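Here the structure is laid out as structure tokens; the discussion comes afterwards.
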Amino acid sequence: MPDARRPALAITALVLGGVAIGTTEFVTMGLLPQVADGVAVSIPEAGRAISAYAAGVVVGAPLIAALGATLPRRALLVGLMVAFAVGNALSALAPGFGTLVGARFLTGLPHGAYFGVAALVAVDLVPRGRAGRAVGRVMLGIPIANILGVPAATWLGQHLGWRSAFWAVGALGLLTVALVATQVPHLPGDRSRTVRTELGALGSLQVVLTLLVGAVGFGGMFAMYSYITPTVTGVTGLPDASVPAVLLLFGASGFAGNLLAGRLGDWSVLRGVVIGMLGLAVSLAAFALAAPHPVLALPALALTAVLTSVLVVNLQLRLMQVAGAAQTLAAASNHAALNVANALGAWLGGVVIAAGYGYTAPSWVGAGLALLGLGVLAASVLLHRRDTRRAGVASGPHSTAPEPAPVR
């Protein structure tokens with residue numbers, strides 16, 4: 001029976017699951033040329049495997065979160081990671097491109113629900129006022145994956161074949177199963193949360209707008225990062241052997257961004273989202289301009305990773321703010337939105353490359369998407385403040401009617 005007084009062990013187990021998920025999500029990008037050669041398709045066409053994973057997250061996150069809201073959270077996390085391990089094994093065994101796309105879709109199904117439930121568990125394990133840092137710690141799995149998992153899996157895939165990377169990630173998923181089962185305390189599900197209650201959150205305008213912010217704005221990062229390998233080798237002029245080191249730089253910068261993001265979230269979630277989104281637009285434009293020059297391109301890439309982490313963590317916290325009672329669905333749906341961004345960014349990046357605009361074009365597309373996301377956020381804040389003012393006027397000094405949560 002795990003010791004509930006030692007949340008650090010439980011959070012470490014949750015982070016490991018995030019490392020496994022982050023590795024499988026991003027390693028396809030690092031091995032895109034090898035995957036394309038292995039299943040006999042072009043690099044832009046191979047990008048569909050990235051989009052298939054993202055589609056799996058989009059479908060799985062709200063569905064599993066809504067159906068699993070009443071289940072004990074530890075058991076749900078274990079089941080999600082077992083499904084994740086199976087999906088990676090199927091990816092490694094895929095005989096052709098079509099079956100690989102299907103396997104990547106199945107692998108993506110547990111992604112959003114895992115991060116959503118893990119975030120809620122982490123918040124339950126820490127004192128009040130530290131929710132931002134708790135969520136930031138759980139989300140460290142993604143940058144740690146980019147520091148260690150993705151470069152290691154990319155190196156493995158380059159030397160032992162791309163299938164070996166998926167076998168390794170599947171094994172990491174099974175290790176997570178064991179650690180979550182033994183280190184995460186029993187936390188019962190909420191029997192009052194029905195599927196209707198959870199799905200009702202999708203009718204909230206603020207939830208929809210916040211999801212749209214992530215789906216559009218975060219697509220900017222994926223437009224660039226989906227094609228990072230051919231960009232740094234074909235435009236920046238770095239050798240293939242340097243790709244794991246470039247991915248390591250991106251991951252280390254994202255790790256630093258996560259540490260910053262949690263503190264920003266405890267200060268002001270809204271400001272954290274604005275800083276992340278506006279900064280992402282600027283850094284992507286800077287990377288597009290700097291790509292031919294290694295001494296400039298690498299710092300621009302590192303800055304993009306920092307701002308990416310700031311944005312992800314604070315979007316997660318904002319959804320938890322505006323979702324009301326449907327916390328499970330809200331926490332999971334953030335990752336569905338981010339993987340709509342994944343699919344959108346990878347697709348638009350492939351479109352501009354196939355049209356002959358070169359490998360820096362996706363970064364310009366990405367900067368535009370980030371600015372669009374910022375516009376959606378501005379609309380969300382204006383509507384929220386209007387509703388808050390109306391609620392205050394309508395309720396009067398003696399009313400007990402609930403008011404919208406404050407924007408902060």
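Simple scheme: letters A, B, ... for chains in structure tokens order, numbers from 1 for residues in each chain, numbers from 1 for ligands in the order shown.
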
For stretch 338-355 of chain A: contacts at 6 Å, only C-alpha atoms, fewer than 4 positions along chain excluded, given as an NGL selection string: :A and (44 or 51 or 54 or 214-216 or 218-219 or 222-223 or 226 or 362)

Can you spit out the residues from that selection as a PDB file, in the first residue's frame, using N, CA, C and O atoms?
```
ATOM      1  N   PRO A  44       6.631  14.142 -46.378  1.00  0.00           N
ATOM      2  CA  PRO A  44       5.339  14.770 -46.051  1.00  0.00           C
ATOM      3  C   PRO A  44       4.226  13.752 -45.822  1.00  0.00           C
ATOM      4  O   PRO A  44       3.386  13.936 -44.939  1.00  0.00           O
ATOM      5  N   SER A  51      -0.010  12.869 -37.478  1.00  0.00           N
ATOM      6  CA  SER A  51      -1.391  13.333 -37.388  1.00  0.00           C
ATOM      7  C   SER A  51      -2.311  12.244 -36.865  1.00  0.00           C
ATOM      8  O   SER A  51      -3.284  12.531 -36.153  1.00  0.00           O
ATOM      9  N   ALA A  54      -2.103  12.154 -33.160  1.00  0.00           N
ATOM     10  CA  ALA A  54      -2.828  13.311 -32.635  1.00  0.00           C
ATOM     11  C   ALA A  54      -4.332  13.073 -32.683  1.00  0.00           C
ATOM     12  O   ALA A  54      -5.062  13.425 -31.748  1.00  0.00           O
ATOM     13  N   GLY A 214      -5.791  26.573 -27.567  1.00  0.00           N
ATOM     14  CA  GLY A 214      -4.752  25.556 -27.698  1.00  0.00           C
ATOM     15  C   GLY A 214      -4.726  24.907 -29.061  1.00  0.00           C
ATOM     16  O   GLY A 214      -3.659  24.690 -29.642  1.00  0.00           O
ATOM     17  N   ALA A 215      -5.911  24.595 -29.595  1.00  0.00           N
ATOM     18  CA  ALA A 215      -5.987  23.878 -30.873  1.00  0.00           C
ATOM     19  C   ALA A 215      -5.400  24.689 -32.013  1.00  0.00           C
ATOM     20  O   ALA A 215      -4.759  24.140 -32.922  1.00  0.00           O
ATOM     21  N   VAL A 216      -5.619  25.998 -31.989  1.00  0.00           N
ATOM     22  CA  VAL A 216      -5.099  26.860 -33.063  1.00  0.00           C
ATOM     23  C   VAL A 216      -3.685  27.338 -32.738  1.00  0.00           C
ATOM     24  O   VAL A 216      -2.744  27.137 -33.504  1.00  0.00           O
ATOM     25  N   PHE A 218      -1.354  26.523 -30.464  1.00  0.00           N
ATOM     26  CA  PHE A 218      -0.266  25.586 -30.248  1.00  0.00           C
ATOM     27  C   PHE A 218       0.120  24.846 -31.527  1.00  0.00           C
ATOM     28  O   PHE A 218       1.190  24.244 -31.603  1.00  0.00           O
ATOM     29  N   GLY A 219      -0.763  24.909 -32.531  1.00  0.00           N
ATOM     30  CA  GLY A 219      -0.408  24.317 -33.819  1.00  0.00           C
ATOM     31  C   GLY A 219       0.849  24.921 -34.402  1.00  0.00           C
ATOM     32  O   GLY A 219       1.541  24.299 -35.208  1.00  0.00           O
ATOM     33  N   PHE A 222       3.891  22.783 -33.528  1.00  0.00           N
ATOM     34  CA  PHE A 222       3.928  21.519 -34.255  1.00  0.00           C
ATOM     35  C   PHE A 222       4.203  21.709 -35.745  1.00  0.00           C
ATOM     36  O   PHE A 222       4.773  20.827 -36.386  1.00  0.00           O
ATOM     37  N   ALA A 223       3.767  22.830 -36.302  1.00  0.00           N
ATOM     38  CA  ALA A 223       4.083  23.088 -37.709  1.00  0.00           C
ATOM     39  C   ALA A 223       5.589  23.101 -37.924  1.00  0.00           C
ATOM     40  O   ALA A 223       6.103  22.563 -38.913  1.00  0.00           O
ATOM     41  N   SER A 226       7.373  19.328 -36.300  1.00  0.00           N
ATOM     42  CA  SER A 226       7.115  18.094 -37.055  1.00  0.00           C
ATOM     43  C   SER A 226       8.181  17.845 -38.121  1.00  0.00           C
ATOM     44  O   SER A 226       8.446  16.694 -38.487  1.00  0.00           O
ATOM     45  N   PRO A 362       7.069  26.139 -42.654  1.00  0.00           N
ATOM     46  CA  PRO A 362       6.215  25.755 -41.515  1.00  0.00           C
ATOM     47  C   PRO A 362       6.377  26.665 -40.301  1.00  0.00           C
ATOM     48  O   PRO A 362       5.413  26.861 -39.543  1.00  0.00           O
TER      49      PRO A 362
END
```

Contacts of A:Leu238 at 12 Å (only C-alpha atoms; same-chain gap of 2+ positions) as a PyMOL selection string: chain A and resi 228-236+240-246+291-295+297-298

From A:Met221, A:Leu205, A:Leu377, A:Ala181, residue lying nearest A:Ile275 [only C-alpha atoms]: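 Closest candidate: A:Leu377.
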
Per-residue DSSP, stretch 154-402 of chain A, filtered to alpha helix (DSSP H), as an MDAnalysis selection string: chainID A and resid 154:160 162:183 195:200 205:217 219:225 228:234 243:267 269:290 294:322 327:354 361:395

One-decimal distance in Å that lies between atom CA of A:Gly276 and atom CA of A:Leu307: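 Computing the Euclidean distance for atom CA of A:Leu307 and atom CA of A:Gly276 yields 4.8 Å.
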
Dump as a Markdown table the rows for residues of stretch 10-70 of chain A within 6 Å of stretch 133-152 of chain A: closest atom pair and distance in Å with one decimal, only C-alpha atoms counted, ordered by chain and rising residue number.
```
| residue | atom | partner | partner_atom | distance |
| --- | --- | --- | --- | --- |
| A:Val15 | CA | A:Gly141 | CA | 4.8 |
| A:Gly18 | CA | A:Gly141 | CA | 4.0 |
| A:Val19 | CA | A:Gly141 | CA | 4.2 |
| A:Gly22 | CA | A:Ile142 | CA | 4.7 |
| A:Thr23 | CA | A:Val150 | CA | 5.0 |
| A:Val27 | CA | A:Val150 | CA | 5.2 |
```

Closest of A:Pro62, A:Pro72, A:Pro185, A:Gly262 to A:Leu125 - atom-to-atom distances counting only C-alpha atoms: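 Among the listed residues, the smallest separation from A:Leu125 belongs to A:Pro185.
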
Distance in Å - atom CA of A:Gly220 versus atom CA of A:Ile43: 19.2 Å

Using only C-alpha atoms: which of A:Ile64, A:Val213, A:Phe166, A:Phe115 has the shortest distance to A:Ala94: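 Using only C-alpha atoms, the shortest distance to A:Ala94 belongs to A:Phe166.
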